[in-house]
$ cat structure-v7.cif   # mmCIF, C-alpha atoms
data_final
loop_
_atom_site.label_atom_id
_atom_site.label_comp_id
_atom_site.auth_asym_id
_atom_site.auth_seq_id
_atom_site.Cartn_x
_atom_site.Cartn_y
_atom_site.Cartn_z
CA MET A 1 14.41 -53.07 31.89
CA TRP A 2 14.38 -52.30 35.60
CA ARG A 3 15.27 -48.67 34.93
CA ARG A 4 12.41 -48.33 32.44
CA ARG A 5 9.92 -49.63 35.01
CA MET A 6 11.21 -47.16 37.57
CA MET A 7 10.78 -44.24 35.13
CA ARG A 8 7.20 -45.29 34.48
CA ALA A 9 6.52 -45.47 38.19
CA LEU A 10 7.97 -42.03 38.83
CA ARG A 11 6.35 -40.28 35.87
CA PRO A 12 2.83 -39.81 37.36
CA GLU A 13 4.31 -38.38 40.56
CA SER A 14 6.53 -36.02 38.57
CA PHE A 15 3.56 -34.95 36.50
CA GLU A 16 1.56 -34.21 39.64
CA VAL A 17 4.37 -32.02 40.97
CA ARG A 18 4.62 -30.08 37.73
CA ARG A 19 0.86 -29.63 37.58
CA ASP A 20 0.76 -28.33 41.14
CA GLU A 21 3.59 -25.92 40.37
CA LEU A 22 1.76 -24.67 37.31
CA ARG A 23 -1.44 -24.13 39.28
CA GLU A 24 0.49 -22.24 41.94
CA LEU A 25 2.10 -20.07 39.28
CA VAL A 26 -1.28 -19.25 37.72
CA ARG A 27 -2.76 -18.42 41.13
CA ARG A 28 0.13 -16.14 42.05
CA SER A 29 -0.03 -14.44 38.64
CA ARG A 30 -3.72 -13.68 39.06
CA GLU A 31 -3.18 -12.33 42.54
CA MET A 32 -0.22 -10.24 41.38
CA VAL A 33 -2.39 -8.69 38.65
CA LEU A 34 -4.99 -7.86 41.31
CA LEU A 35 -2.28 -6.30 43.46
CA ALA A 36 -1.08 -4.30 40.46
CA ALA A 37 -4.62 -2.97 40.03
CA ILE A 38 -4.79 -2.01 43.70
CA THR A 39 -1.41 -0.29 43.39
CA GLY A 40 -2.73 1.64 40.39
CA VAL A 41 -5.85 2.81 42.22
CA LEU A 42 -3.91 3.96 45.28
CA THR A 43 -1.34 5.72 43.09
CA GLY A 44 -4.08 7.42 41.07
CA LEU A 45 -5.65 8.76 44.26
CA GLY A 46 -2.32 10.01 45.54
CA VAL A 47 -1.33 11.65 42.26
CA ARG A 48 -4.67 13.44 41.97
CA GLY A 49 -4.30 14.88 45.46
CA PHE A 50 -0.69 15.86 44.75
CA GLU A 51 -1.63 17.63 41.51
CA TRP A 52 -4.53 19.49 43.14
CA VAL A 53 -2.37 20.87 45.95
CA VAL A 54 0.39 21.96 43.56
CA GLU A 55 -2.04 23.67 41.18
CA GLU A 56 -3.83 25.51 43.97
CA ILE A 57 -0.57 26.88 45.36
CA PHE A 58 0.77 27.79 41.91
CA HIS A 59 -2.40 29.67 40.92
CA ALA A 60 -2.24 31.61 44.18
CA VAL A 61 1.38 32.51 43.43
CA LEU A 62 0.50 33.78 39.95
CA GLU A 63 -2.31 35.95 41.33
CA ALA A 64 -0.14 37.43 44.11
CA PRO A 65 1.62 40.83 43.88
CA LEU A 66 4.47 40.99 41.37
CA TRP A 67 7.27 40.87 43.95
CA VAL A 68 5.74 37.77 45.55
CA THR A 69 5.43 35.98 42.20
CA ALA A 70 8.99 36.90 41.22
CA THR A 71 10.52 35.61 44.46
CA ALA A 72 8.26 32.59 44.97
CA PRO A 73 10.57 30.06 43.22
CA ALA A 74 13.40 31.15 45.51
CA ALA A 75 11.20 30.66 48.56
CA GLY A 76 10.25 27.22 47.24
CA LEU A 77 13.90 26.19 46.96
CA VAL A 78 14.58 27.30 50.53
CA GLY A 79 11.55 25.41 51.80
CA SER A 80 12.54 22.29 49.86
CA ALA A 81 16.05 22.36 51.30
CA ILE A 82 14.70 22.61 54.83
CA VAL A 83 12.25 19.72 54.31
CA LEU A 84 14.85 17.42 52.76
CA LYS A 85 17.39 18.15 55.50
CA PHE A 86 15.21 17.82 58.58
CA MET A 87 12.18 15.79 57.50
CA GLY A 88 14.07 13.56 55.07
CA GLY A 89 17.27 13.23 57.07
CA GLY A 90 19.38 14.69 54.28
CA ALA A 91 17.59 12.92 51.41
CA SER A 92 18.58 13.93 47.89
CA PRO A 93 16.10 15.77 45.64
CA SER A 94 16.10 12.86 43.14
CA THR A 95 12.77 11.31 42.09
CA SER A 96 12.90 9.44 38.77
CA ASP A 97 16.50 8.45 39.44
CA GLU A 98 15.36 6.81 42.68
CA TYR A 99 13.04 4.57 40.68
CA LEU A 100 15.89 3.54 38.38
CA ARG A 101 18.21 2.83 41.32
CA ALA A 102 15.59 0.63 42.99
CA PHE A 103 14.87 -1.13 39.70
CA HIS A 104 18.47 -2.17 39.14
CA ASP A 105 19.49 -2.80 42.76
CA PRO A 106 17.34 -5.31 44.73
CA ALA A 107 18.97 -4.18 47.99
CA TYR A 108 18.05 -0.51 47.49
CA ARG A 109 14.90 0.49 49.36
CA LEU A 110 12.56 3.41 48.75
CA ARG A 111 11.96 4.39 52.35
CA PRO A 112 8.66 5.93 53.57
CA ARG A 113 10.51 8.75 55.36
CA HIS A 114 12.26 9.79 52.17
CA LEU A 115 9.01 9.46 50.22
CA ALA A 116 7.19 11.85 52.57
CA ALA A 117 10.05 14.34 52.48
CA ARG A 118 10.49 14.32 48.70
CA ILE A 119 6.77 14.67 47.99
CA SER A 120 6.50 17.56 50.47
CA ALA A 121 9.57 19.22 48.97
CA SER A 122 8.19 18.78 45.46
CA VAL A 123 4.95 20.50 46.48
CA LEU A 124 7.00 23.47 47.66
CA THR A 125 9.21 23.48 44.56
CA LEU A 126 6.46 23.08 41.96
CA GLY A 127 3.76 25.04 43.76
CA SER A 128 6.06 28.05 44.04
CA GLY A 129 6.78 28.00 40.30
CA GLY A 130 9.88 25.83 39.99
CA SER A 131 10.50 24.89 36.36
CA LEU A 132 10.23 21.12 36.71
CA GLY A 133 7.46 18.60 36.05
CA LEU A 134 4.96 16.81 38.28
CA GLU A 135 5.70 13.47 36.64
CA GLY A 136 8.94 12.86 38.57
CA PRO A 137 7.31 12.86 42.04
CA SER A 138 4.30 10.98 40.61
CA LEU A 139 6.47 8.21 39.17
CA TYR A 140 8.59 8.06 42.32
CA GLY A 141 5.57 8.05 44.62
CA GLY A 142 3.86 5.25 42.69
CA SER A 143 7.01 3.12 42.56
CA ALA A 144 7.68 3.62 46.29
CA LEU A 145 4.09 2.67 47.09
CA GLY A 146 4.31 -0.47 44.94
CA SER A 147 7.66 -1.44 46.43
CA LEU A 148 6.37 -0.96 49.98
CA LEU A 149 3.24 -3.01 49.22
CA GLN A 150 5.26 -5.88 47.77
CA SER A 151 7.62 -5.92 50.76
CA LYS A 152 4.63 -6.50 53.05
CA LEU A 153 3.28 -9.46 51.06
CA PRO A 154 3.61 -13.11 52.13
CA ARG A 155 6.92 -14.78 51.37
CA PRO A 156 5.89 -16.43 48.04
CA PHE A 157 5.27 -12.98 46.55
CA ARG A 158 8.41 -11.47 48.04
CA GLY A 159 10.31 -14.31 46.41
CA SER A 160 9.10 -13.23 42.96
CA ASP A 161 10.74 -10.42 41.00
CA HIS A 162 11.15 -7.54 43.45
CA ARG A 163 10.44 -5.07 40.66
CA THR A 164 6.90 -6.18 39.76
CA LEU A 165 4.88 -3.73 41.85
CA LEU A 166 7.70 -1.18 41.71
CA VAL A 167 7.20 -0.97 37.94
CA ALA A 168 3.42 -1.15 38.28
CA GLY A 169 3.38 1.85 40.63
CA ALA A 170 5.70 3.85 38.39
CA ALA A 171 3.50 3.14 35.37
CA ALA A 172 0.39 4.18 37.28
CA GLY A 173 2.00 7.43 38.42
CA VAL A 174 2.97 8.50 34.90
CA ALA A 175 -0.34 7.34 33.41
CA ALA A 176 -2.30 9.34 35.98
CA ILE A 177 -0.40 12.64 35.86
CA PHE A 178 -0.42 12.72 32.04
CA LYS A 179 -3.84 11.09 31.61
CA ALA A 180 -2.08 8.75 29.22
CA PRO A 181 -2.31 5.04 30.19
CA ALA A 182 -0.25 3.63 27.32
CA THR A 183 2.48 6.21 27.91
CA GLY A 184 2.65 5.29 31.58
CA ALA A 185 3.12 1.59 30.93
CA ILE A 186 5.62 2.01 28.11
CA PHE A 187 7.70 4.65 29.90
CA ALA A 188 8.01 2.61 33.11
CA LEU A 189 9.21 -0.38 31.07
CA GLU A 190 11.40 1.54 28.62
CA VAL A 191 13.27 4.02 30.82
CA PRO A 192 15.37 1.58 32.93
CA TYR A 193 17.42 0.54 29.88
CA ARG A 194 18.94 2.10 26.82
CA ASP A 195 17.68 0.43 23.65
CA ASP A 196 15.59 -2.19 25.45
CA MET A 197 12.50 -2.74 27.63
CA ALA A 198 11.71 -4.57 30.87
CA ARG A 199 9.23 -6.84 29.13
CA ARG A 200 8.66 -9.30 32.00
CA MET A 201 6.65 -6.70 33.93
CA LEU A 202 4.41 -5.81 30.99
CA LEU A 203 1.12 -7.21 32.32
CA PRO A 204 1.31 -5.64 35.82
CA ALA A 205 2.41 -2.35 34.25
CA LEU A 206 -0.56 -2.33 31.87
CA VAL A 207 -3.06 -3.20 34.61
CA ALA A 208 -1.69 -0.61 37.05
CA SER A 209 -1.45 2.03 34.36
CA ALA A 210 -5.08 1.54 33.34
CA SER A 211 -6.39 1.52 36.92
CA GLY A 212 -4.29 4.55 37.85
CA TYR A 213 -5.55 6.46 34.82
CA LEU A 214 -9.20 5.57 35.47
CA THR A 215 -8.93 6.61 39.11
CA PHE A 216 -7.32 9.92 38.22
CA VAL A 217 -9.75 10.92 35.44
CA THR A 218 -12.72 9.93 37.60
CA LEU A 219 -11.62 12.66 40.01
CA SER A 220 -10.70 15.19 37.30
CA SER A 221 -11.52 14.90 33.57
CA THR A 222 -10.52 13.00 30.43
CA THR A 223 -9.56 16.16 28.53
CA PRO A 224 -6.19 15.64 26.77
CA LEU A 225 -3.31 17.33 28.53
CA LEU A 226 -2.24 19.34 25.48
CA SER A 227 -4.79 20.87 23.12
CA PHE A 228 -4.06 22.77 19.94
CA GLY A 229 -6.13 25.81 20.83
CA THR A 230 -6.94 27.88 17.74
CA PHE A 231 -4.93 25.63 15.42
CA SER A 232 -6.71 23.03 13.33
CA VAL A 233 -5.35 19.50 13.39
CA GLN A 234 -4.41 18.23 9.95
CA GLY A 235 -2.95 15.02 8.61
CA PHE A 236 0.60 14.76 7.34
CA GLU A 237 1.99 14.90 3.84
CA LEU A 238 4.91 13.02 2.34
CA ILE A 239 7.14 16.10 2.63
CA ASP A 240 6.44 16.09 6.38
CA LEU A 241 8.35 12.81 6.74
CA PHE A 242 11.46 14.60 5.55
CA GLY A 243 10.67 17.41 7.97
CA ALA A 244 10.28 14.84 10.74
CA VAL A 245 13.83 13.61 10.14
CA VAL A 246 15.11 17.19 10.30
CA VAL A 247 13.17 17.77 13.51
CA GLY A 248 14.54 14.55 14.99
CA ALA A 249 18.17 15.34 14.21
CA THR A 250 17.87 18.92 15.47
CA CYS A 251 16.09 17.87 18.67
CA ALA A 252 18.76 15.25 19.38
CA ILE A 253 21.43 17.96 19.26
CA GLY A 254 19.30 20.08 21.58
CA ALA A 255 18.72 17.11 23.89
CA ARG A 256 22.46 16.44 24.12
CA PHE A 257 22.94 20.08 25.15
CA PHE A 258 20.09 19.85 27.65
CA ALA A 259 21.44 16.61 29.15
CA LYS A 260 24.87 18.16 29.61
CA VAL A 261 23.39 21.25 31.26
CA MET A 262 21.35 19.09 33.64
CA ARG A 263 24.40 17.04 34.61
CA ILE A 264 26.22 20.26 35.47
CA ALA A 265 23.19 21.44 37.46
CA LYS A 266 23.01 18.17 39.43
CA GLY A 267 26.70 18.48 40.24
CA PHE A 268 26.19 22.10 41.33
CA SER A 269 23.39 21.02 43.68
CA LEU A 270 26.00 19.19 45.77
CA ARG A 271 27.77 22.44 46.67
CA ALA A 272 27.39 24.33 49.93
CA LEU A 273 23.72 24.98 50.66
CA PRO A 274 23.73 28.79 51.15
CA PHE A 275 25.80 29.47 48.01
CA ARG A 276 23.74 27.33 45.63
CA LEU A 277 20.45 28.61 47.04
CA VAL A 278 21.43 32.27 46.61
CA PHE A 279 22.81 31.71 43.11
CA ALA A 280 19.83 29.68 41.89
CA SER A 281 17.29 32.02 43.48
CA LEU A 282 18.76 35.17 41.91
CA SER A 283 18.99 33.45 38.53
CA LEU A 284 15.34 32.32 38.60
CA THR A 285 14.19 35.81 39.58
CA CYS A 286 16.10 37.32 36.65
CA LEU A 287 14.62 34.78 34.22
CA PHE A 288 11.14 35.64 35.48
CA PHE A 289 11.53 39.31 34.53
CA ILE A 290 13.21 38.50 31.20
CA SER A 291 10.44 36.13 30.08
CA ARG A 292 7.78 38.56 31.25
CA GLU A 293 9.42 41.34 29.26
CA LEU A 294 9.69 39.23 26.10
CA THR A 295 6.24 37.59 26.08
CA GLY A 296 4.19 39.50 28.61
CA MET A 297 3.82 36.29 30.64
CA PRO A 298 5.93 34.58 33.33
CA LEU A 299 6.68 31.60 31.07
CA SER A 300 9.89 30.78 32.90
CA MET A 301 7.80 29.56 35.84
CA GLY A 302 5.87 26.36 36.32
CA SER A 303 6.11 22.95 34.70
CA GLY A 304 5.71 24.44 31.23
CA TYR A 305 2.22 23.55 30.02
CA GLU A 306 1.48 27.28 29.89
CA VAL A 307 4.12 27.60 27.15
CA PHE A 308 1.87 25.48 24.94
CA ARG A 309 -1.55 26.66 26.07
CA GLU A 310 -0.83 30.39 26.23
CA TRP A 311 1.88 30.85 23.63
CA LEU A 312 2.84 28.12 21.15
CA PHE A 313 -0.77 27.02 20.50
CA VAL A 314 -2.14 30.57 20.51
CA GLU A 315 0.31 32.75 18.58
CA SER A 316 0.17 32.17 14.82
CA ASP A 317 3.48 33.93 14.10
CA ILE A 318 6.47 33.86 16.45
CA ALA A 319 9.89 35.25 15.53
CA ILE A 320 12.75 32.75 15.41
CA TRP A 321 14.90 34.82 17.77
CA LEU A 322 12.10 34.79 20.34
CA LEU A 323 11.76 31.00 20.09
CA VAL A 324 15.50 30.62 20.61
CA ALA A 325 15.37 32.98 23.58
CA MET A 326 12.51 31.08 25.20
CA PHE A 327 14.26 27.77 24.58
CA LEU A 328 17.30 29.04 26.48
CA ILE A 329 15.14 30.59 29.21
CA ARG A 330 13.17 27.39 29.84
CA CYS A 331 16.27 25.18 29.81
CA SER A 332 18.06 27.58 32.14
CA ALA A 333 15.09 27.82 34.49
CA SER A 334 14.93 24.02 34.80
CA ALA A 335 18.68 23.82 35.31
CA PHE A 336 18.70 26.50 38.02
CA THR A 337 15.78 24.80 39.78
CA VAL A 338 17.75 21.54 39.86
CA ALA A 339 20.95 23.34 40.86
CA GLY A 340 19.12 24.91 43.79
CA GLY A 341 18.00 21.48 45.03
CA GLY A 342 14.42 21.67 43.76
CA VAL A 343 12.40 18.45 43.59
CA GLY A 344 10.58 17.60 40.36
CA GLY A 345 10.82 15.80 37.05
CA VAL A 346 12.63 16.66 33.82
CA PHE A 347 10.17 14.83 31.56
CA VAL A 348 8.03 17.93 31.01
CA PRO A 349 11.02 20.29 30.59
CA LEU A 350 12.11 18.00 27.75
CA VAL A 351 8.60 18.20 26.31
CA VAL A 352 8.62 22.01 26.43
CA ALA A 353 12.08 22.28 24.87
CA GLY A 354 11.00 19.92 22.11
CA GLY A 355 7.81 21.84 21.42
CA ILE A 356 9.71 25.11 21.07
CA THR A 357 12.30 23.48 18.80
CA GLY A 358 9.67 21.91 16.57
CA ARG A 359 7.80 25.20 16.29
CA GLY A 360 11.00 26.97 15.26
CA ILE A 361 11.69 24.42 12.52
CA ALA A 362 8.13 24.83 11.25
CA GLU A 363 8.66 28.58 10.96
CA VAL A 364 11.71 27.91 8.76
CA LEU A 365 10.76 24.83 6.73
CA HIS A 366 7.00 24.56 6.50
CA ASP A 367 4.97 27.57 7.56
CA GLY A 368 1.37 26.66 8.32
CA ARG A 369 2.24 23.27 9.85
CA GLU A 370 3.10 24.59 13.29
CA GLN A 371 0.90 22.16 15.21
CA LEU A 372 2.39 19.11 13.49
CA TYR A 373 6.02 20.16 13.89
CA THR A 374 5.48 21.17 17.51
CA GLY A 375 4.24 17.66 18.25
CA LEU A 376 7.13 16.12 16.33
CA GLY A 377 9.55 18.20 18.36
CA VAL A 378 8.02 16.92 21.58
CA ALA A 379 8.35 13.28 20.50
CA ALA A 380 11.93 13.70 19.25
CA PHE A 381 13.30 15.75 22.16
CA LEU A 382 11.64 13.61 24.82
CA GLY A 383 12.57 10.35 23.13
CA ALA A 384 16.20 11.40 22.75
CA GLY A 385 16.57 12.89 26.24
CA TYR A 386 15.27 9.87 28.14
CA ARG A 387 16.07 7.29 25.43
CA VAL A 388 12.38 6.31 25.27
CA PRO A 389 11.27 6.67 21.62
CA LEU A 390 8.13 4.52 21.95
CA ALA A 391 6.91 6.27 25.09
CA ALA A 392 7.60 9.66 23.49
CA VAL A 393 5.54 8.89 20.39
CA MET A 394 2.70 7.50 22.49
CA PHE A 395 2.84 10.56 24.76
CA VAL A 396 2.24 12.89 21.81
CA ALA A 397 -0.62 10.77 20.49
CA GLU A 398 -2.39 10.51 23.86
CA THR A 399 -1.85 13.98 25.28
CA THR A 400 -2.90 15.75 22.08
CA GLY A 401 -5.71 13.34 21.21
CA THR A 402 -4.23 13.11 17.71
CA PRO A 403 -3.15 9.56 16.78
CA GLY A 404 -2.41 10.79 13.25
CA PHE A 405 0.91 12.04 14.61
CA ILE A 406 2.21 8.52 15.17
CA VAL A 407 3.80 7.86 11.76
CA PRO A 408 5.77 11.12 11.36
CA ALA A 409 6.55 11.10 15.09
CA LEU A 410 8.14 7.66 14.68
CA PHE A 411 10.40 9.07 11.95
CA ALA A 412 11.36 11.98 14.20
CA ALA A 413 11.96 9.76 17.25
CA VAL A 414 14.11 7.27 15.32
CA ALA A 415 16.21 10.05 13.78
CA ALA A 416 16.68 11.60 17.22
CA GLU A 417 17.64 8.24 18.74
CA LEU A 418 20.33 7.71 16.11
CA VAL A 419 21.85 11.17 16.52
CA MET A 420 21.64 11.06 20.34
CA GLY A 421 24.27 8.32 20.52
CA GLU A 422 25.02 7.11 24.06
CA GLN A 423 23.91 10.28 25.83
CA SER A 424 20.97 10.33 28.27
CA ILE A 425 19.36 12.72 30.72
CA THR A 426 19.94 10.23 33.55
CA ALA A 427 23.05 8.35 34.59
CA TYR A 428 21.05 5.45 36.08
CA GLN A 429 19.96 3.82 32.85
CA ARG A 430 21.80 0.62 31.96
CA ARG A 431 22.66 -1.29 28.87
CA PRO A 432 20.64 -4.49 28.28
CA GLY A 433 22.05 -7.53 30.06
CA THR A 434 23.98 -5.57 32.72
CA ASP A 435 21.69 -6.46 35.65
#

$ encode --input "structure-v7.cif" --output "structure tokens"
Amino acid sequence: MWRRRMMRALRPESFEVRRDELRELVRRSREMVLLAAITGVLTGLGVRGFEWVVEEIFHAVLEAPLWVTATAPAAGLVGSAIVLKFMGGGASPSTSDEYLRAFHDPAYRLRPRHLAARISASVLTLGSGGSLGLEGPSLYGGSALGSLLQSKLPRPFRGSDHRTLLVAGAAAGVAAIFKAPATGAIFALEVPYRDDMARRMLLPALVASASGYLTFVTLSSTTPLLSFGTFSVQGFELIDLFGAVVVGATCAIGARFFAKVMRIAKGFSLRALPFRLVFASLSLTCLFFISRELTGMPLSMGSGYEVFREWLFVESDIAIWLLVAMFLIRCSASAFTVAGGGVGGVFVPLVVAGGITGRGIAEVLHDGREQLYTGLGVAAFLGAGYRVPLAAVMFVAETTGTPGFIVPALFAAVAAELVMGEQSITAYQRRPGTD
């Protein structure tokens, strides 16, 4: 009886404590969403400035005399090495991998000095024609900005999940550079794990992704990143679902090859600086002349969007042997850029390899459906390489402005995921439940 009276006496006080805790949680959640939006805006501004500088330098390189254009990637690798050594204090050329390391290790810090050095080195690498993507530095820059912002917050916020604004910044960086808000949020949540997502950071990732995208397109345009040029966009037929499975399985095999090549390239980048720079520079120069001889364009250079805009989406008939040759050239160019210590992302190289693979399968299986199979190849190759099937499908839908691709792209991405097995383009992904 006495115990029952005591419980009744304590219950109102306990209720008050719980109510106050709930109110505090709601307040902190609202403020964290606001901080995620601020992170997105700042990241969008930074990514837009980064893209503008890289594009201006790259266009100047393409318009320069032939010998300057041919040797520009080599000069970019030398400049990147100097910046990383002296400005970054020996920082590695990693970008996306840095985000994954910080995500899984609370003690790992993305330092401002390394951020400045890696972004500067990436401008030199990509502006000079290095065959990597802008998304790696954009993701890394956004995540570093979010992490730095959260570390400066009052203690109650620092006591929350250390990854909240880290993920928000990464989502904003990807959303901005690709002009694809859903892709940014999904990729930032999906890439840390194999076969799982970091669901607890969903709301901040969505808010930051949307604000980063809006900031970026306000300063540029809303035009989809990839357009089909002279091709008409059609729906899919039942037979295309079978083709999607073939595309997925083939792209997974290609992605396993690409992942192995990139692992070798990353290992090679640890060798003595003069040797790897000379080897990578000569190789990139040779690839420049080979691609120019085969297509009339320097398609071995740059992030790879030109492969779509000036070749795959323009030429109505491309020989299989030429597609195979360009697949090897692009993969080799990306690998040699990494081997030489270049700073950039491998997201877009996966996209380019997938587009070429899908186009080749269309030439064999279903002539006249080149635009569909090219998109399916992108979704399958990207999804398999980074183990991000949802982000890959959404990327195709958003960057082409063609949501009709979603159903067959899902078939292709699932088939690629099954064939890919345990392989991945990065060694920093983890299995669910290993944190």

$ resolve_selection --input "structure-v7.cif" --expression "the PyMOL selection byres ((chain A and resi 53) around 12)" --output "PDB file with C-alpha atoms, in the frame of the given file"
ATOM      1  CA  GLY A  46      -2.320  10.010  45.540  1.00  0.00           C
ATOM      2  CA  VAL A  47      -1.330  11.650  42.260  1.00  0.00           C
ATOM      3  CA  ARG A  48      -4.670  13.440  41.970  1.00  0.00           C
ATOM      4  CA  GLY A  49      -4.300  14.880  45.460  1.00  0.00           C
ATOM      5  CA  PHE A  50      -0.690  15.860  44.750  1.00  0.00           C
ATOM      6  CA  GLU A  51      -1.630  17.630  41.510  1.00  0.00           C
ATOM      7  CA  TRP A  52      -4.530  19.490  43.140  1.00  0.00           C
ATOM      8  CA  VAL A  54       0.390  21.960  43.560  1.00  0.00           C
ATOM      9  CA  GLU A  55      -2.040  23.670  41.180  1.00  0.00           C
ATOM     10  CA  GLU A  56      -3.830  25.510  43.970  1.00  0.00           C
ATOM     11  CA  ILE A  57      -0.570  26.880  45.360  1.00  0.00           C
ATOM     12  CA  PHE A  58       0.770  27.790  41.910  1.00  0.00           C
ATOM     13  CA  HIS A  59      -2.400  29.670  40.920  1.00  0.00           C
ATOM     14  CA  ALA A  60      -2.240  31.610  44.180  1.00  0.00           C
ATOM     15  CA  ILE A 119       6.770  14.670  47.990  1.00  0.00           C
ATOM     16  CA  SER A 120       6.500  17.560  50.470  1.00  0.00           C
ATOM     17  CA  SER A 122       8.190  18.780  45.460  1.00  0.00           C
ATOM     18  CA  VAL A 123       4.950  20.500  46.480  1.00  0.00           C
ATOM     19  CA  LEU A 124       7.000  23.470  47.660  1.00  0.00           C
ATOM     20  CA  THR A 125       9.210  23.480  44.560  1.00  0.00           C
ATOM     21  CA  LEU A 126       6.460  23.080  41.960  1.00  0.00           C
ATOM     22  CA  GLY A 127       3.760  25.040  43.760  1.00  0.00           C
ATOM     23  CA  SER A 128       6.060  28.050  44.040  1.00  0.00           C
ATOM     24  CA  LEU A 134       4.960  16.810  38.280  1.00  0.00           C
TER      25      LEU A 134
END

$ atom_distance --input "structure-v7.cif" --atom1 "atom CA of A:Glu237" --atom2 "atom CA of A:Val364"
17.0 Å

$ closest_residue --input "structure-v7.cif" --among "A:Trp311, A:Phe178, A:Phe258, A:Trp321" --to "A:Phe395" --atoms "all atoms listed in the file"
A:Phe178

$ closest_residue --input "structure-v7.cif" --among "A:Ile186, A:Val41, A:Ala335, A:Met420" --to "A:Val393" --atoms "all atoms listed in the file"
A:Ile186

$ closest_residue --input "structure-v7.cif" --among "A:Gly136, A:Gly354, A:Pro408, A:Gly141" --to "A:Asp97" --atoms "all atoms listed in the file"
A:Gly136

$ decode --input "structure-v7.cif" --residues "stretch 364-380 of chain A" --atoms "N, CA and C atoms" --output "PDB file, in the first residue's frame"
ATOM      1  N   VAL A 364      24.062  -4.682 -80.298  1.00  0.00           N
ATOM      2  CA  VAL A 364      24.005  -6.125 -80.534  1.00  0.00           C
ATOM      3  C   VAL A 364      22.594  -6.671 -80.401  1.00  0.00           C
ATOM      4  N   LEU A 365      21.887  -6.273 -79.333  1.00  0.00           N
ATOM      5  CA  LEU A 365      20.592  -6.881 -79.007  1.00  0.00           C
ATOM      6  C   LEU A 365      19.391  -6.161 -79.591  1.00  0.00           C
ATOM      7  N   HIS A 366      19.399  -4.847 -79.545  1.00  0.00           N
ATOM      8  CA  HIS A 366      18.171  -4.110 -79.870  1.00  0.00           C
ATOM      9  C   HIS A 366      18.518  -2.792 -80.544  1.00  0.00           C
ATOM     10  N   ASP A 367      18.871  -2.844 -81.767  1.00  0.00           N
ATOM     11  CA  ASP A 367      19.215  -1.641 -82.528  1.00  0.00           C
ATOM     12  C   ASP A 367      18.017  -0.693 -82.574  1.00  0.00           C
ATOM     13  N   GLY A 368      18.279   0.583 -82.390  1.00  0.00           N
ATOM     14  CA  GLY A 368      17.214   1.565 -82.363  1.00  0.00           C
ATOM     15  C   GLY A 368      16.797   1.953 -80.955  1.00  0.00           C
ATOM     16  N   ARG A 369      17.330   1.274 -79.931  1.00  0.00           N
ATOM     17  CA  ARG A 369      17.000   1.589 -78.546  1.00  0.00           C
ATOM     18  C   ARG A 369      18.245   2.071 -77.808  1.00  0.00           C
ATOM     19  N   GLU A 370      19.110   2.763 -78.535  1.00  0.00           N
ATOM     20  CA  GLU A 370      20.394   3.153 -77.971  1.00  0.00           C
ATOM     21  C   GLU A 370      20.249   4.017 -76.728  1.00  0.00           C
ATOM     22  N   GLN A 371      19.299   4.977 -76.747  1.00  0.00           N
ATOM     23  CA  GLN A 371      19.178   5.875 -75.615  1.00  0.00           C
ATOM     24  C   GLN A 371      18.739   5.143 -74.351  1.00  0.00           C
ATOM     25  N   LEU A 372      17.843   4.172 -74.494  1.00  0.00           N
ATOM     26  CA  LEU A 372      17.379   3.412 -73.340  1.00  0.00           C
ATOM     27  C   LEU A 372      18.503   2.559 -72.763  1.00  0.00           C
ATOM     28  N   TYR A 373      19.196   1.816 -73.604  1.00  0.00           N
ATOM     29  CA  TYR A 373      20.229   0.910 -73.124  1.00  0.00           C
ATOM     30  C   TYR A 373      21.448   1.663 -72.583  1.00  0.00           C
ATOM     31  N   THR A 374      21.705   2.841 -73.114  1.00  0.00           N
ATOM     32  CA  THR A 374      22.784   3.663 -72.560  1.00  0.00           C
ATOM     33  C   THR A 374      22.456   4.057 -71.124  1.00  0.00           C
ATOM     34  N   GLY A 375      21.221   4.480 -70.896  1.00  0.00           N
ATOM     35  CA  GLY A 375      20.795   4.819 -69.544  1.00  0.00           C
ATOM     36  C   GLY A 375      20.812   3.627 -68.605  1.00  0.00           C
ATOM     37  N   LEU A 376      20.388   2.465 -69.113  1.00  0.00           N
ATOM     38  CA  LEU A 376      20.414   1.254 -68.289  1.00  0.00           C
ATOM     39  C   LEU A 376      21.846   0.881 -67.913  1.00  0.00           C
ATOM     40  N   GLY A 377      22.762   1.065 -68.848  1.00  0.00           N
ATOM     41  CA  GLY A 377      24.165   0.784 -68.563  1.00  0.00           C
ATOM     42  C   GLY A 377      24.712   1.684 -67.477  1.00  0.00           C
ATOM     43  N   VAL A 378      24.313   2.951 -67.505  1.00  0.00           N
ATOM     44  CA  VAL A 378      24.746   3.885 -66.464  1.00  0.00           C
ATOM     45  C   VAL A 378      24.264   3.421 -65.093  1.00  0.00           C
ATOM     46  N   ALA A 379      22.975   3.101 -64.994  1.00  0.00           N
ATOM     47  CA  ALA A 379      22.405   2.675 -63.712  1.00  0.00           C
ATOM     48  C   ALA A 379      23.069   1.399 -63.201  1.00  0.00           C
ATOM     49  N   ALA A 380      23.275   0.438 -64.091  1.00  0.00           N
ATOM     50  CA  ALA A 380      23.835  -0.855 -63.679  1.00  0.00           C
ATOM     51  C   ALA A 380      25.301  -0.731 -63.279  1.00  0.00           C
TER      52      ALA A 380
END
